[in-house]
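This is query-v3.cif (mmCIF, C-alpha atoms).
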```
data_final
loop_
_atom_site.label_atom_id
_atom_site.label_comp_id
_atom_site.auth_asym_id
_atom_site.auth_seq_id
_atom_site.Cartn_x
_atom_site.Cartn_y
_atom_site.Cartn_z
CA MET A 1 -64.71 194.75 -39.21
CA LYS A 2 -65.51 191.45 -37.47
CA GLU A 3 -68.15 193.13 -35.30
CA PHE A 4 -69.81 195.51 -37.75
CA GLY A 5 -68.82 194.34 -41.26
CA ALA A 6 -66.52 195.81 -43.90
CA ASP A 7 -69.22 198.07 -45.33
CA LYS A 8 -69.44 199.96 -42.03
CA LEU A 9 -65.76 200.98 -42.06
CA SER A 10 -64.52 204.28 -43.47
CA ASN A 11 -62.04 204.49 -46.35
CA THR A 12 -59.36 205.43 -43.82
CA GLU A 13 -60.10 202.39 -41.66
CA LEU A 14 -60.08 200.00 -44.62
CA LEU A 15 -56.77 201.40 -45.84
CA ALA A 16 -55.37 201.12 -42.31
CA ILE A 17 -56.19 197.39 -42.29
CA ILE A 18 -54.22 196.94 -45.51
CA LEU A 19 -51.26 198.92 -44.14
CA ARG A 20 -51.32 197.03 -40.80
CA THR A 21 -48.76 199.26 -39.03
CA GLY A 22 -48.09 202.97 -38.66
CA TYR A 23 -44.90 205.00 -38.95
CA LYS A 24 -42.66 205.90 -35.97
CA ASN A 25 -44.93 207.76 -33.52
CA GLU A 26 -47.81 207.86 -36.03
CA THR A 27 -50.70 205.42 -35.75
CA VAL A 28 -51.76 203.43 -38.78
CA ILE A 29 -55.03 205.40 -38.84
CA HIS A 30 -53.13 208.68 -39.08
CA LEU A 31 -50.87 207.26 -41.78
CA ALA A 32 -53.91 206.13 -43.78
CA GLU A 33 -55.53 209.56 -43.36
CA ARG A 34 -52.37 211.27 -44.58
CA ILE A 35 -52.09 209.00 -47.64
CA LEU A 36 -55.69 209.66 -48.66
CA TYR A 37 -55.29 213.40 -48.06
CA GLN A 38 -52.10 213.56 -50.11
CA ALA A 39 -53.68 211.52 -52.91
CA GLY A 40 -56.68 213.84 -53.00
CA GLY A 41 -59.05 211.12 -51.81
CA LEU A 42 -59.75 207.50 -52.62
CA ARG A 43 -60.79 208.48 -56.16
CA PHE A 44 -57.18 209.30 -57.11
CA LEU A 45 -55.32 206.59 -55.19
CA PRO A 46 -55.38 204.09 -58.11
CA GLU A 47 -53.47 206.63 -60.22
CA TYR A 48 -50.43 206.45 -57.91
CA THR A 49 -47.57 204.32 -59.17
CA LEU A 50 -45.56 202.08 -56.87
CA GLU A 51 -42.73 204.60 -56.97
CA GLU A 52 -45.03 207.52 -56.12
CA LEU A 53 -46.47 205.67 -53.14
CA GLN A 54 -42.99 205.05 -51.79
CA GLN A 55 -42.29 208.78 -51.87
CA ILE A 56 -44.98 209.35 -49.22
CA LYS A 57 -43.44 209.66 -45.76
CA GLY A 58 -43.86 206.39 -43.88
CA MET A 59 -44.44 204.31 -47.00
CA GLY A 60 -41.85 201.66 -47.78
CA LEU A 61 -41.85 199.10 -50.56
CA ALA A 62 -43.90 196.54 -48.61
CA LYS A 63 -46.74 198.93 -47.72
CA SER A 64 -46.79 200.35 -51.25
CA VAL A 65 -46.98 196.87 -52.76
CA GLN A 66 -49.84 195.96 -50.41
CA ILE A 67 -51.87 198.98 -51.54
CA LYS A 68 -51.21 198.37 -55.25
CA ALA A 69 -52.11 194.68 -54.87
CA ALA A 70 -55.41 195.51 -53.14
CA LEU A 71 -56.30 198.09 -55.81
CA GLU A 72 -55.47 195.66 -58.61
CA LEU A 73 -57.62 192.94 -57.04
CA GLY A 74 -60.51 195.41 -56.89
CA ARG A 75 -60.00 196.29 -60.55
CA ARG A 76 -59.93 192.62 -61.57
CA ILE A 77 -63.06 191.85 -59.57
CA GLY A 78 -64.85 194.66 -61.39
CA ALA A 79 -63.64 193.34 -64.75
CA SER A 80 -64.67 189.77 -63.92
CA LEU A 81 -68.26 190.85 -63.27
CA LYS A 82 -68.73 191.68 -66.94
CA PRO A 83 -71.02 188.92 -68.26
CA ALA A 84 -69.87 186.73 -71.12
CA ASN A 85 -71.76 187.29 -74.37
CA ALA A 86 -73.38 190.40 -72.92
CA ALA A 87 -75.98 191.97 -75.20
CA PHE A 88 -76.62 195.70 -74.93
CA THR A 89 -80.05 197.29 -75.16
CA SER A 90 -79.11 200.87 -74.19
CA PRO A 91 -76.17 203.30 -74.10
CA GLN A 92 -76.42 203.24 -70.29
CA GLU A 93 -75.59 199.51 -70.29
CA VAL A 94 -72.59 200.13 -72.54
CA ALA A 95 -71.32 202.89 -70.25
CA ALA A 96 -71.76 200.70 -67.17
CA PHE A 97 -69.87 197.88 -68.91
CA LEU A 98 -66.64 199.91 -69.12
CA LYS A 99 -67.14 202.85 -66.76
CA GLU A 100 -65.33 201.50 -63.71
CA GLU A 101 -62.35 200.47 -65.82
CA MET A 102 -62.04 203.70 -67.80
CA ARG A 103 -63.11 206.50 -65.47
CA TYR A 104 -59.73 206.66 -63.66
CA TYR A 105 -57.44 206.68 -66.69
CA LYS A 106 -55.04 209.64 -66.77
CA LYS A 107 -54.95 209.59 -70.58
CA GLU A 108 -57.56 209.13 -73.26
CA TYR A 109 -58.07 205.48 -74.10
CA PHE A 110 -60.00 204.60 -77.23
CA LYS A 111 -61.65 201.19 -77.32
CA ILE A 112 -64.15 199.43 -79.54
CA ILE A 113 -66.74 196.84 -78.53
CA LEU A 114 -67.22 194.31 -81.31
CA LEU A 115 -70.70 192.82 -81.62
CA ASN A 116 -72.24 189.94 -83.50
CA THR A 117 -75.57 189.97 -85.32
CA LYS A 118 -77.42 189.60 -81.97
CA ASN A 119 -75.55 192.59 -80.51
CA GLN A 120 -73.65 190.24 -78.21
CA VAL A 121 -70.08 191.16 -77.30
CA ILE A 122 -67.41 189.38 -79.32
CA SER A 123 -64.54 191.26 -77.73
CA VAL A 124 -63.35 194.63 -76.43
CA GLU A 125 -60.36 195.95 -78.34
CA ASP A 126 -57.86 198.58 -77.19
CA ILE A 127 -57.23 200.87 -80.15
CA SER A 128 -55.13 203.77 -78.94
CA VAL A 129 -53.80 205.66 -75.95
CA GLY A 130 -53.66 209.40 -76.51
CA SER A 131 -52.44 212.41 -74.60
CA LEU A 132 -54.40 214.06 -71.81
CA ASN A 133 -56.56 215.81 -74.40
CA SER A 134 -56.90 213.69 -77.50
CA SER A 135 -56.66 210.22 -78.99
CA ILE A 136 -55.21 209.44 -82.38
CA VAL A 137 -57.55 207.03 -84.12
CA HIS A 138 -57.17 205.71 -87.66
CA PRO A 139 -60.00 203.86 -89.44
CA ARG A 140 -57.68 200.96 -90.29
CA GLU A 141 -57.04 200.39 -86.56
CA ILE A 142 -60.78 200.32 -85.93
CA PHE A 143 -61.88 198.07 -88.77
CA ASN A 144 -58.93 195.66 -88.93
CA PRO A 145 -59.99 193.71 -85.79
CA SER A 146 -63.64 194.16 -86.79
CA VAL A 147 -63.08 192.38 -90.11
CA LYS A 148 -60.81 189.71 -88.60
CA LYS A 149 -63.41 188.79 -85.98
CA SER A 150 -66.37 189.04 -88.37
CA ALA A 151 -68.10 191.72 -86.33
CA ALA A 152 -71.53 192.81 -87.57
CA ALA A 153 -71.41 196.06 -85.63
CA LEU A 154 -69.29 197.97 -83.17
CA ILE A 155 -69.50 200.64 -80.51
CA LEU A 156 -66.83 203.29 -80.07
CA VAL A 157 -65.83 204.11 -76.49
CA HIS A 158 -63.30 206.52 -75.07
CA ASN A 159 -62.79 208.43 -71.84
CA HIS A 160 -62.17 212.07 -70.97
CA PRO A 161 -59.60 212.38 -68.15
CA SER A 162 -61.03 215.80 -67.32
CA GLY A 163 -64.20 214.08 -66.09
CA ASP A 164 -66.41 216.02 -68.51
CA PRO A 165 -67.84 213.64 -71.14
CA SER A 166 -68.94 216.40 -73.52
CA PRO A 167 -67.57 215.55 -77.01
CA SER A 168 -64.87 217.70 -78.55
CA ARG A 169 -64.80 218.85 -82.16
CA GLU A 170 -62.24 216.11 -82.83
CA ASP A 171 -64.60 213.52 -81.30
CA LEU A 172 -67.35 214.62 -83.69
CA GLU A 173 -65.05 214.52 -86.72
CA VAL A 174 -63.59 211.11 -85.87
CA THR A 175 -67.06 209.64 -85.31
CA LYS A 176 -68.34 210.91 -88.64
CA ARG A 177 -65.31 209.48 -90.45
CA LEU A 178 -65.68 206.07 -88.78
CA VAL A 179 -69.42 205.87 -89.46
CA GLU A 180 -68.69 206.48 -93.16
CA GLY A 181 -65.95 203.86 -93.14
CA GLY A 182 -68.28 201.35 -91.52
CA LYS A 183 -70.88 201.88 -94.23
CA ILE A 184 -68.33 201.02 -96.91
CA LEU A 185 -67.34 197.81 -95.11
CA GLY A 186 -70.85 196.83 -94.06
CA ILE A 187 -70.03 197.16 -90.34
CA LYS A 188 -72.54 199.28 -88.45
CA VAL A 189 -71.12 201.85 -86.00
CA LEU A 190 -73.96 201.86 -83.47
CA ASP A 191 -72.81 204.50 -81.02
CA HIS A 192 -69.91 206.46 -79.61
CA ILE A 193 -69.81 206.56 -75.80
CA VAL A 194 -67.63 209.08 -73.94
CA ILE A 195 -66.90 208.13 -70.32
CA GLY A 196 -66.53 210.92 -67.76
CA GLU A 197 -66.14 211.03 -63.99
CA ASN A 198 -69.62 209.96 -62.96
CA SER A 199 -71.41 210.37 -66.26
CA TYR A 200 -71.28 209.48 -69.93
CA PHE A 201 -72.22 211.00 -73.28
CA SER A 202 -73.90 208.89 -75.96
CA PHE A 203 -73.86 210.15 -79.54
CA LYS A 204 -76.86 207.94 -80.26
CA GLU A 205 -78.88 209.23 -77.30
CA LYS A 206 -78.20 212.82 -78.29
CA GLY A 207 -79.27 212.23 -81.91
CA ILE A 208 -75.79 212.78 -83.34
CA MET A 209 -75.36 209.31 -84.84
CA GLU A 210 -76.95 208.61 -88.20
CA ASP A 211 -79.46 205.75 -88.46
#
```

Encoded form using C-alpha cells:
Amino acid sequence: MKEFGADKLSNTELLAIILRTGYKNETVIHLAERILYQAGGLRFLPEYTLEELQQIKGMGLAKSVQIKAALELGRRIGASLKPANAAFTSPQEVAAFLKEEMRYYKKEYFKIILLNTKNQVISVEDISVGSLNSSIVHPREIFNPSVKKSAAALILVHNHPSGDPSPSREDLEVTKRLVEGGKILGIKVLDHIVIGENSYFSFKEKGIMED
C-alpha cells in the first residue's frame, strides 16, 4: 500500500491488512480469500453479524470486531458525505443520496425524505422495517413527522432486497394511497424511489405519479 497506494490493492489484500495475521498454517491472504469466498464476495460482507463472522474458521472475536469496525467506518463516511440542506433536482440525485445506505439491507426499509418549500432536505425519517418481501406502511406514520416538521413535500423511498427495483402491486397501491393522503393534508408526495442492487425505479420518471 505504501508503494502503490490503497486503490491499487485487491479486496483480498485490503481485508488481509485489516486482519493482520493468518490462521495456523494459513497465510492472512488465504484467510482473507476464504472469508470473501464464504461471504459470496465483498458485496455481502456487510450483512454478516459479529457472531456469523466468528463462525468462520480462523476468525476469533478480535478479527471479527476489526472487520465490523472497518465496515461501519465505511458506512459512516458514506453517510457523512450527504450535504446538509441538499436540494434535489432529479430522481437520480435522490437515489444516489440513499443508495449506498439502503442497497445492502436484508429487509425492506421504508423511509421518507422531508423537504421544505425550496425542496431542501429537512430530515430523513425511518418509517418501517418489513419482511424480505414487503413493508407495512400506514399513512399516519408517513404524515405524522411531516406535519410535526412542517414539511412542504416529501419523497417516499424503500429498497428491494432482491436487487430488482421493479415496483410490486403493493408498492403501487401504497403510493396511490399516500398521494391521496398528501393532497388532503396539503403535503405534496413528489416521488417514490425504489432502490435495487445497482439501479433504482422512480415512479415520477416512469409517469406513474400524478402531477

*From the list A:Thr12, A:Arg169, A:Gln55, A:Val157, which residue is nearest Phe97 in chain A when using only C-alpha atoms?*
A:Val157

*Which value, in Å to one decimal, gives the distance between CA of Lys63 in chain A and CA of Ile77 in chain A?*
21.4 Å

*For Gly182 in chain A, work out the shell of residues within 9 Å, counting all atoms listed in the file and skipping chain neighbours fewer than 5 positions away, then give it as a PyMOL selection string.*
chain A and resi 139+143+153+177+187-189

*Please, what distance in Å, to one decimal, runs between CA of Thr117 in chain A and CA of Glu180 in chain A?*
19.5 Å

*Answer key for the PyMOL selection byres ((chain A and resi 15) around 12), residues as an NGL selection string*: :A and (6 or 9-14 or 16-22 or 28-36 or 41-42 or 45 or 63-64 or 66-68 or 70-71)

_Nearest-residue call for Asn119 in chain A, choices A:Phe201, A:Gly74, A:Lys57, A:Ser90, using all atoms listed in the file_ = A:Ser90

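Our summary of the geometry notes that CA of Phe110 in chain A is positioned 4.4 Å from CA of His158 in chain A.
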
Box for range 102-117 of chain A: with edges along x, y and z, all listed atoms inside and 5 Å added on each side, what are the centre and edge lengths in Å to one decimal, as lines of an AutoDock Vina configuration file?
```
center_x = -65.3
center_y = 199.8
center_z = -74.5
size_x = 30.6
size_y = 29.7
size_z = 31.7
```

*Might you spell out which residues the PyMOL selection byres ((chain A and resi 47-49) around 9) would select in the displayed file, as a list in words?*
Ala39, Arg43, Phe44, Leu45, Pro46, Leu50, Glu51, Glu52, Leu53, Gln54, Ser64, Lys68, Tyr104, Tyr105 and Lys106 of chain A

*Pick the closest to Ser199 in chain A from A:Pro91, A:Gly181, A:Pro145, A:Gly163: which is it, counting only C-alpha atoms?*
A:Gly163

*Evaluate the PyMOL selection byres ((chain A and resi 205) around 10) and record the selected residues as number ranges by chain, following the chain and residue labels used in the document.*
A: 90-92, 191-193, 201-204, 206-209

Export of the given selection (C-alpha atoms) as a short mmCIF file (atom, residue, chain, number, x, y, z; two decimals), keeping the file's coordinate frame:
```cif
data_model
loop_
_atom_site.label_atom_id
_atom_site.label_comp_id
_atom_site.auth_asym_id
_atom_site.auth_seq_id
_atom_site.Cartn_x
_atom_site.Cartn_y
_atom_site.Cartn_z
CA SER A 90 -79.11 200.87 -74.19
CA PRO A 91 -76.17 203.30 -74.10
CA GLN A 92 -76.42 203.24 -70.29
CA ASP A 191 -72.81 204.50 -81.02
CA HIS A 192 -69.91 206.46 -79.61
CA ILE A 193 -69.81 206.56 -75.80
CA PHE A 201 -72.22 211.00 -73.28
CA SER A 202 -73.90 208.89 -75.96
CA PHE A 203 -73.86 210.15 -79.54
CA LYS A 204 -76.86 207.94 -80.26
CA LYS A 206 -78.20 212.82 -78.29
CA GLY A 207 -79.27 212.23 -81.91
CA ILE A 208 -75.79 212.78 -83.34
CA MET A 209 -75.36 209.31 -84.84
#
```

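Checking A:Met102, A:Ala151, A:Val124, A:Ala69 one by one against Ala86 in chain A, counting all atoms listed in the file, you find the shortest gap at A:Val124.
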
With the input short on atoms, add N, CA and C atoms back to range 157-169 of chain A and write it as a PDB file, keeping the file's coordinate frame.
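rebuild-v2.pdb, written as the output of this step:
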```pdb
ATOM      1  N   VAL A 157     -65.841 203.656 -77.880  1.00  0.00           N
ATOM      2  CA  VAL A 157     -65.830 204.110 -76.490  1.00  0.00           C
ATOM      3  C   VAL A 157     -64.494 204.770 -76.181  1.00  0.00           C
ATOM      4  N   HIS A 158     -64.534 205.958 -75.611  1.00  0.00           N
ATOM      5  CA  HIS A 158     -63.300 206.520 -75.070  1.00  0.00           C
ATOM      6  C   HIS A 158     -63.623 207.362 -73.847  1.00  0.00           C
ATOM      7  N   ASN A 159     -62.602 207.685 -73.081  1.00  0.00           N
ATOM      8  CA  ASN A 159     -62.790 208.430 -71.840  1.00  0.00           C
ATOM      9  C   ASN A 159     -62.226 209.834 -71.957  1.00  0.00           C
ATOM     10  N   HIS A 160     -62.716 210.730 -71.117  1.00  0.00           N
ATOM     11  CA  HIS A 160     -62.170 212.070 -70.970  1.00  0.00           C
ATOM     12  C   HIS A 160     -61.562 212.201 -69.580  1.00  0.00           C
ATOM     13  N   PRO A 161     -60.244 212.273 -69.472  1.00  0.00           N
ATOM     14  CA  PRO A 161     -59.600 212.380 -68.150  1.00  0.00           C
ATOM     15  C   PRO A 161     -60.056 213.589 -67.350  1.00  0.00           C
ATOM     16  N   SER A 162     -60.556 214.609 -68.016  1.00  0.00           N
ATOM     17  CA  SER A 162     -61.030 215.800 -67.320  1.00  0.00           C
ATOM     18  C   SER A 162     -62.266 215.508 -66.476  1.00  0.00           C
ATOM     19  N   GLY A 163     -62.971 214.419 -66.797  1.00  0.00           N
ATOM     20  CA  GLY A 163     -64.200 214.080 -66.090  1.00  0.00           C
ATOM     21  C   GLY A 163     -65.444 214.568 -66.797  1.00  0.00           C
ATOM     22  N   ASP A 164     -65.279 215.482 -67.747  1.00  0.00           N
ATOM     23  CA  ASP A 164     -66.410 216.020 -68.510  1.00  0.00           C
ATOM     24  C   ASP A 164     -66.567 215.216 -69.789  1.00  0.00           C
ATOM     25  N   PRO A 165     -67.682 214.501 -69.963  1.00  0.00           N
ATOM     26  CA  PRO A 165     -67.840 213.640 -71.140  1.00  0.00           C
ATOM     27  C   PRO A 165     -68.294 214.358 -72.410  1.00  0.00           C
ATOM     28  N   SER A 166     -68.473 215.667 -72.335  1.00  0.00           N
ATOM     29  CA  SER A 166     -68.940 216.400 -73.520  1.00  0.00           C
ATOM     30  C   SER A 166     -67.968 216.191 -74.680  1.00  0.00           C
ATOM     31  N   PRO A 167     -68.467 215.847 -75.876  1.00  0.00           N
ATOM     32  CA  PRO A 167     -67.570 215.550 -77.010  1.00  0.00           C
ATOM     33  C   PRO A 167     -66.872 216.796 -77.532  1.00  0.00           C
ATOM     34  N   SER A 168     -65.642 216.617 -77.944  1.00  0.00           N
ATOM     35  CA  SER A 168     -64.870 217.700 -78.550  1.00  0.00           C
ATOM     36  C   SER A 168     -65.145 217.741 -80.049  1.00  0.00           C
ATOM     37  N   ARG A 169     -64.654 218.762 -80.706  1.00  0.00           N
ATOM     38  CA  ARG A 169     -64.800 218.850 -82.160  1.00  0.00           C
ATOM     39  C   ARG A 169     -64.112 217.657 -82.825  1.00  0.00           C
TER      40      ARG A 169
END
```
